[in-house]
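*Asks:* The structure is given below, and queries will be raised subsequently.
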Amino acid sequence: SGKTEERAMSFVLYMLYSFPSFVAALFLQLLFAIKLGDTWFELPLMGAHDPDYESFTATERAWDSFKHMILPVTCFTYGSLAYYCRFIKANMEEVIRQDYIRTAKAKGLGPIRILIHHAFRNTLIPFVTLLGLTLPGLLSGAIILEQIFNWPGMGTLFFDSIGARDYTVLMTITLMFSVLTLLGQLIADILYAFVDPRIRYN
């Protein structure tokens with residue numbers, strides 16, 4: 001049973017990671033904006049705000065912005081989350097076979113304590129490196145998804161700047177991505193001290 005569930009989870013994660021986000025965006029638009037239109041589950045088809053956004057109260061504006069973000073954020077993140085889950089799962093399977101895990105079991109530690117304080121913490125060490133490298137990607141945007149959802153983002157701005165030969169904007173965005181890459185590595189180095197007790201910064 002455990003093997004079957006593990007294989008099913010791996011299959012689902014692999015499918016989510018492999019499924020193109022722009023295709024998922026079209027399916028989600030068809031489902032939530034058209035098929036489920038005029039129901040409690042209806043979500044906006046595209047755009048960042050409702051046309052009557054300016055006339056809304058503060059609470060209505062927050063709710064409107066939240067509804068407009070659900071589909072784009074889902075399409076932007078599900079592939080990355082699936083990859084992170086597969087990455088952590090693969091590392092967990094490697095860590096759980098290490099000698100110090102057997103030693104912890106021999107000392108009589110409970111499975112939850114072993115999993116959280118020993119296995120999972122060591123699994124996070126390579127994950128922190130991966131997380132630091134993904135920081136620029138979080139803000140870089142995706143041109144196709146931004147076009148599908150009519151969402152103003154960095155990807156569209158960068159693409160439009162190339163067409164308009166706006167070198168100032170291009171250089172600014174490139175510089176920003178470079179700074180974000182360095183910042184991601186700095187954050188990763190700081191997080192190492194929290195996940196790896198062998199590392200100390202003086």
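Each chain in the structure tokens gets a letter, A, B and so on, in the order shown; residues start at 1 in every chain, and ligands are counted from 1 in the order they appear.
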Compile the contact shell of Pro72 (chain A) as an MDAnalysis selection string: residues with an atom at most 9 Å away, counting only C-alpha atoms, same-chain residues fewer than 6 positions apart removed.
*Replies:* chainID A and resid 25 46 145:146 149 151
*Asks:* Could you go through region 3-192 of chain A and tell me which residues DSSP, when run on the backbone, assigns to helix (DSSP H, G or I), listing them as a ChimeraX atom specification?
*Replies:* /A:3-18,21-35,53-55,58-95,99-106,111-133,135-140,143-148,154-164,167-192
*Asks:* Pick out the residues sitting within 10 Å of Gln147 (chain A), and hand them over as a VMD selection string; count only C-alpha atoms, and ignore anything fewer than 5 positions along from it in its own chain.
*Replies:* chain A and resid 22 46 to 47 142 152 to 153 155 to 156
*Asks:* Would you please work out which residue, of A:Ala62, A:Leu16, A:Ile173, A:Leu45, is nearest to Leu30 (chain A) when using only C-alpha atoms?
*Replies:*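 Among the listed residues, the smallest separation from Leu30 (chain A) belongs to A:Leu45.
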*Asks:* Need the shell around Ser10 (chain A): protein/DNA/RNA residues with any atom at most 12 Å away, counting only C-alpha atoms. Skip same-chain ones fewer than 6 positions apart. Format as a ChimeraX atom specification?
*Replies:* /A:3-4,16-17,82-83,85-90
*Asks:* Report as a list in words all protein, DNA and RNA residues lying within 7 Å of region 188-197 of chain A, evaluated on only C-alpha atoms, omitting residues in the same chain fewer than 5 positions from it.
*Replies:*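 Near region 188-197 of chain A, the qualifying residues are Arg121, Asn122, Leu124, Ile125, Val128, Thr129 and Gly132 of chain A.
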*Asks:* Return the single residue from A:Val95, A:Met15, A:Ile70, A:Ile112 that is closest to Phe41 (chain A), with distances computed using only C-alpha atoms.
*Replies:*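 Ranking A:Val95, A:Met15, A:Ile70, A:Ile112 by distance to Phe41 (chain A), first place goes to A:Ile70.
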*Asks:* Grab the CA of Asp64 (chain A) to CA of His49 (chain A) distance for me, in Å with one decimal place.
*Replies:*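 If I compute the distance from CA of Asp64 (chain A) to CA of His49 (chain A), I get 6.5 Å.
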*Asks:* Please compute the CA of Phe127 (chain A)-CA of Leu81 (chain A) distance, one decimal, in Å.
*Replies:*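 Computing it gives 12.2 Å between the two atoms.
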*Asks:* Calculated over only C-alpha atoms, which of the candidates A:Trp63, A:Ser21, A:Gly110, A:Asp38 has the smallest distance to Gly79 (chain A)?
*Replies:* A:Ser21
*Asks:* Go through A:Thr39, A:Ala24, A:Leu138, A:His68 and flag the residue nearest Pro51 (chain A), using only C-alpha atoms for the distances.
*Replies:* A:His68
